[in-house]
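File shown: work_21.cif. Contents: mmCIF, C-alpha atoms.
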```cif
data_input
#
loop_
_atom_site.label_atom_id
_atom_site.label_comp_id
_atom_site.auth_asym_id
_atom_site.auth_seq_id
_atom_site.Cartn_x
_atom_site.Cartn_y
_atom_site.Cartn_z
CA MET A 31 0.00 0.00 0.00
CA ARG A 32 1.58 3.27 -1.14
CA ILE A 33 0.47 6.80 -0.27
CA ALA A 34 1.76 9.99 -1.92
CA LEU A 35 1.85 12.84 0.60
CA ILE A 36 1.40 16.15 -1.20
CA ARG A 37 1.90 19.53 0.41
CA HIS A 38 -0.89 21.99 -0.43
CA GLY A 39 -0.48 24.85 -2.91
CA GLN A 40 0.83 28.29 -2.06
CA THR A 41 -1.05 30.72 0.20
CA ASP A 42 -0.44 34.39 0.85
CA TRP A 43 0.93 33.43 4.26
CA ASN A 44 3.44 31.06 2.62
CA LEU A 45 4.52 33.93 0.40
CA SER A 46 5.04 36.31 3.33
CA GLY A 47 6.69 33.68 5.57
CA ARG A 48 3.97 33.58 8.22
CA MET A 49 3.38 30.47 10.31
CA GLN A 50 -0.02 29.00 9.42
CA GLY A 51 -0.47 25.89 11.54
CA ARG A 52 -4.18 25.36 12.15
CA THR A 53 -5.11 28.88 10.95
CA ASP A 54 -7.43 28.31 7.98
CA ILE A 55 -5.89 30.22 5.07
CA PRO A 56 -7.06 29.75 1.44
CA LEU A 57 -4.87 29.16 -1.59
CA ASN A 58 -3.79 32.22 -3.54
CA ALA A 59 -3.84 32.40 -7.35
CA THR A 60 -0.37 30.84 -7.59
CA GLY A 61 -1.45 27.98 -5.34
CA ARG A 62 -4.47 27.25 -7.51
CA GLU A 63 -2.27 27.30 -10.62
CA GLN A 64 0.26 24.95 -8.95
CA ALA A 65 -2.55 22.52 -8.12
CA SER A 66 -3.89 22.67 -11.68
CA ASP A 67 -0.43 21.96 -13.11
CA LEU A 68 0.05 18.97 -10.81
CA ALA A 69 -3.45 17.71 -11.59
CA GLU A 70 -2.59 17.68 -15.29
CA ARG A 71 0.66 15.74 -14.67
CA LEU A 72 -1.10 13.22 -12.41
CA SER A 73 -3.92 12.70 -14.90
CA ARG A 74 -1.38 11.83 -17.62
CA ALA A 75 0.34 9.34 -15.29
CA GLY A 76 -2.99 7.72 -14.36
CA GLY A 77 -3.56 4.84 -11.97
CA LEU A 78 -4.76 6.78 -8.93
CA ASP A 79 -7.66 5.46 -6.87
CA ALA A 80 -8.33 8.06 -4.18
CA VAL A 81 -7.66 11.61 -3.00
CA VAL A 82 -7.77 12.28 0.74
CA THR A 83 -7.22 15.66 2.36
CA SER A 84 -6.65 17.57 5.54
CA PRO A 85 -9.77 19.48 6.58
CA LEU A 86 -7.99 22.86 6.34
CA LEU A 87 -9.08 25.05 3.43
CA ARG A 88 -5.72 25.32 1.66
CA ALA A 89 -5.41 21.53 1.53
CA ARG A 90 -9.07 20.96 0.64
CA GLN A 91 -8.88 23.45 -2.24
CA THR A 92 -5.74 21.74 -3.54
CA ALA A 93 -7.34 18.29 -3.21
CA GLU A 94 -10.53 19.38 -4.95
CA ILE A 95 -8.57 20.67 -7.94
CA LEU A 96 -6.63 17.39 -8.14
CA ALA A 97 -9.69 15.20 -7.60
CA GLU A 98 -11.79 16.98 -10.21
CA ARG A 99 -9.14 16.52 -12.90
CA LEU A 100 -8.66 12.86 -11.89
CA GLY A 101 -12.40 12.10 -11.85
CA LEU A 102 -12.33 11.30 -8.15
CA GLU A 103 -13.89 12.70 -4.98
CA ALA A 104 -11.76 14.38 -2.29
CA VAL A 105 -12.33 12.62 1.04
CA THR A 106 -11.51 14.48 4.27
CA CYS A 107 -9.24 12.85 6.86
CA GLU A 108 -9.06 14.81 10.13
CA GLY A 109 -5.73 13.19 11.05
CA LEU A 110 -3.96 14.95 8.16
CA VAL A 111 -4.48 18.41 9.69
CA GLU A 112 -1.38 20.59 10.11
CA ARG A 113 0.58 20.77 13.33
CA SER A 114 -0.62 23.48 15.68
CA PHE A 115 2.04 26.14 16.25
CA GLY A 116 0.14 27.57 19.21
CA ASP A 117 1.03 31.17 20.06
CA ALA A 118 3.37 31.48 17.05
CA GLU A 119 0.60 31.15 14.45
CA GLY A 120 0.27 34.24 12.31
CA LEU A 121 3.79 35.44 13.10
CA SER A 122 6.66 35.45 10.63
CA HIS A 123 9.29 32.79 11.26
CA SER A 124 11.83 35.46 12.23
CA VAL A 125 9.50 37.15 14.74
CA ALA A 126 8.56 33.78 16.25
CA LEU A 127 12.27 32.98 16.71
CA GLU A 128 12.86 36.34 18.39
CA HIS A 129 10.17 35.52 20.93
CA TRP A 130 11.05 31.80 21.33
CA PRO A 131 14.64 31.06 20.14
CA SER A 132 14.23 27.42 21.21
CA ARG A 133 11.27 27.06 18.80
CA GLN A 134 9.20 25.74 21.70
CA TYR A 135 6.12 27.86 21.05
CA PRO A 136 3.52 27.95 23.84
CA SER A 137 0.59 25.61 23.13
CA MET A 138 2.39 24.02 20.14
CA GLU A 139 1.62 20.39 19.27
CA GLY A 140 4.68 18.26 20.05
CA HIS A 141 6.63 16.09 17.62
CA ASP A 142 5.47 12.81 19.17
CA GLU A 143 1.82 13.90 19.03
CA VAL A 144 2.12 14.87 15.34
CA ALA A 145 3.92 11.63 14.46
CA GLU A 146 1.48 9.39 16.33
CA ARG A 147 -1.51 11.17 14.78
CA GLY A 148 0.11 10.96 11.35
CA VAL A 149 0.85 7.23 11.47
CA SER A 150 -2.69 6.57 12.72
CA ALA A 151 -4.07 8.59 9.80
CA LEU A 152 -1.93 6.63 7.33
CA ASP A 153 -3.15 3.35 8.81
CA ARG A 154 -6.80 4.42 8.50
CA ILE A 155 -6.26 5.51 4.89
CA ALA A 156 -4.47 2.26 4.05
CA ASP A 157 -7.25 0.21 5.64
CA GLN A 158 -9.94 2.16 3.79
CA PHE A 159 -8.26 2.00 0.36
CA ARG A 160 -6.52 -1.38 0.48
CA ASN A 161 -3.99 -1.89 -2.31
CA GLY A 162 -5.05 1.40 -3.92
CA ARG A 163 -2.87 4.25 -5.17
CA VAL A 164 -3.77 7.16 -2.90
CA ILE A 165 -2.74 10.80 -2.73
CA ALA A 166 -3.07 12.60 0.59
CA VAL A 167 -3.02 16.39 0.51
CA THR A 168 -1.64 17.77 3.74
CA HIS A 169 0.90 20.23 5.19
CA GLY A 170 4.63 20.87 5.33
CA SER A 171 5.34 20.53 9.05
CA PHE A 172 2.99 17.56 9.35
CA ILE A 173 4.79 15.77 6.50
CA ARG A 174 8.22 16.56 7.94
CA HIS A 175 7.43 15.16 11.40
CA LEU A 176 5.66 12.12 9.99
CA LEU A 177 8.57 11.26 7.66
CA ALA A 178 11.05 11.83 10.50
CA ASP A 179 9.20 9.33 12.65
CA ILE A 180 8.94 6.70 9.91
CA SER A 181 12.53 7.09 8.66
CA GLY A 182 14.19 7.55 12.04
CA LEU A 183 15.76 10.84 10.95
CA PRO A 184 15.65 13.89 13.23
CA ALA A 185 12.89 16.21 11.99
CA ASP A 186 15.36 18.99 11.19
CA GLU A 187 17.21 16.62 8.83
CA VAL A 188 14.12 15.85 6.74
CA PRO A 189 14.22 18.11 3.66
CA ARG A 190 11.55 20.81 3.64
CA ALA A 191 8.71 20.11 1.21
CA GLU A 192 7.91 23.01 -1.11
CA ASN A 193 4.29 23.61 -2.11
CA LEU A 194 2.97 20.63 -4.14
CA ALA A 195 6.09 18.54 -3.43
CA ILE A 196 5.36 14.81 -3.31
CA SER A 197 6.77 12.38 -0.73
CA GLU A 198 5.85 8.69 -0.80
CA VAL A 199 5.40 6.17 1.98
CA GLU A 200 4.58 2.49 1.73
CA ARG A 201 3.13 -0.02 4.22
CA ASP A 202 4.38 -3.56 3.92
CA GLU A 203 2.49 -6.75 4.77
CA SER A 204 3.61 -6.59 8.41
CA GLY A 205 2.06 -3.14 8.83
CA THR A 206 5.40 -1.31 8.88
CA TRP A 207 5.60 2.03 7.09
CA HIS A 208 8.66 2.88 4.95
CA VAL A 209 9.67 6.15 3.31
CA ARG A 210 10.14 5.77 -0.46
CA SER A 211 10.78 9.41 -1.40
CA ILE A 212 11.06 12.77 0.34
CA ALA A 213 9.99 15.91 -1.54
CA GLY A 214 10.46 14.17 -4.89
CA ARG A 215 13.83 12.60 -4.06
CA ALA A 216 14.30 8.85 -3.72
CA TRP A 217 14.92 7.59 -0.18
CA GLU A 218 16.76 4.37 0.63
CA PRO A 219 14.45 2.60 3.05
CA GLY A 220 15.74 1.23 6.33
CA GLU A 221 13.84 -1.09 8.58
CA GLY A 222 10.93 1.30 9.06
CA ILE A 223 9.07 1.70 12.33
CA ARG A 224 6.35 -0.72 13.33
CA ARG A 225 3.28 0.66 15.02
CA ALA A 226 1.08 -1.67 17.08
#
```
Transcribe the structure of this file into structure tokens.
Amino acid sequence: MRIALIRHGQTDWNLSGRMQGRTDIPLNATGREQASDLAERLSRAGGLDAVVTSPLLRARQTAEILAERLGLEAVTCEGLVERSFGDAEGLSHSVALEHWPSRQYPSMEGHDEVAERGVSALDRIADQFRNGRVIAVTHGSFIRHLLADISGLPADEVPRAENLAISEVERDESGTWHVRSIAGRAWEPGEGIRRA
């Protein structure tokens, strides 16, 4: 079972370097164009069975553009929602670092919480769409922490996913998830991490 994790298209807050987290920001014109371009490429490749999405607007809009071109329906998965950045949401990255140099923002969702939620979401998607080719539209920080957990890399060593970058994960017959690519680059899988 393989799932392609796709970061949503560009928003105005992406463009200005503001931390979005759970704040519900729509795509901008560039983001909609990025999604349309990817939808065209995916439709030519074919073979996709499902589109699932975070409930946040920027991801849903991206997923709806992809799903429409692919002749599919975008299905919402609450577990794909972005990491909460707590008190830092809405601030630029530089201002947030001035206030909290350790990057430990008050009320922020922790790495372990994001990773556990992410693996659970992947398992639910895999169980729902057994042996299908699925794309999951989600968010940059969520993807980074999920891939860090699966690969065993520290989160700050996982390459940052640009808007519409695709990372792939695969679940084997034992239920272990493996990283196959990160932000479009092949990844040599290790043993993976088994979740009970």
Sorted by chain and rising residue number, list the residues of range 169-214 of chain A at most 12 Å from range 86-94 of chain A (counting only C-alpha atoms), each with its closest atom pair and distance in Å to one decimal, as a Markdown table.
```
| residue | atom | partner | partner_atom | distance |
| --- | --- | --- | --- | --- |
| A:His169 | CA | A:Ala89 | CA | 7.4 |
| A:Gly170 | CA | A:Ala89 | CA | 10.8 |
| A:Asn193 | CA | A:Thr92 | CA | 10.3 |
| A:Leu194 | CA | A:Thr92 | CA | 8.8 |
```
Write the residues of the selection above to a file with C-alpha atoms, as a PDB file, in the frame of the given file.
```pdb
ATOM      1  CA  HIS A 169       0.900  20.230   5.190  1.00  0.00           C
ATOM      2  CA  GLY A 170       4.630  20.870   5.330  1.00  0.00           C
ATOM      3  CA  ASN A 193       4.290  23.610  -2.110  1.00  0.00           C
ATOM      4  CA  LEU A 194       2.970  20.630  -4.140  1.00  0.00           C
TER       5      LEU A 194
END
```
>> Which residues, named as in the file, does the PyMOL selection byres ((chain A and resi 66-70) around 8) pick out? Answer as a PyMOL selection string.
In response: chain A and resi 62-65+71-74+95-97+99-100+194
>> If the PyMOL selection byres ((chain A and resi 173) around 10) were run on this exact file, what residues would it hold? Put them as a ChimeraX atom specification.
In response: /A:35-37,110,112-113,144-145,148,167-172,174-179,185,188,190-191,196-197,212-213
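Here CA of Ala104 in chain A stands at a distance of 5.4 Å from CA of Val82 in chain A.
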> So which residues get picked by the PyMOL selection byres ((chain A and resi 50) around 10) here, written as a ChimeraX atom specification?
Replying inline: /A:41,43-44,47-49,51-55,112-116,118-122,169
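Taking all atoms listed in the file into account, Val199 in chain A lies nearest to A:Glu218 out of the set A:Glu98, A:Asp79, A:Glu108, A:Glu218.
The closest residue to Leu102 in chain A, picked from A:His208, A:Ala34, A:Trp217, A:Ile165 and counting all atoms listed in the file, is A:Ile165.
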>> Here is a test: counting all atoms listed in the file, which residue of A:Ala156, A:Val105, A:Ala151, A:Ala166 is nearest to Glu203 in chain A?
In response: A:Ala156
> Interatomic distance between CA of Leu152 in chain A and CA of Pro136 in chain A?
Replying inline: 27.5 Å
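With all atoms listed in the file as the atoms that count, the minimum distance from Met31 in chain A to the choices A:Asn161, A:Ser211, A:Ser84, A:Thr206 is reached by A:Asn161.
The space between CA of Thr83 in chain A and CA of Asp202 in chain A spans 22.5 Å.
Considering all atoms listed in the file, the residue among A:Gly109, A:Val125, A:Glu200, A:Glu103 positioned nearest to Glu143 in chain A is A:Gly109.
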Centre and edge lengths of an axis-aligned box around all listed atoms of range 34-38 of chain A, with 6 Å added on each side, are to be given in Å to one decimal, as lines of an AutoDock Vina configuration file.
```
center_x = 0.5
center_y = 16.0
center_z = -0.7
size_x = 14.8
size_y = 24.0
size_z = 14.5
```
> With distances taken over all atoms listed in the file, which of A:Arg154, A:Ala216, A:Val164, A:Val111 is nearest to Glu139 in chain A?
Replying inline: A:Val111
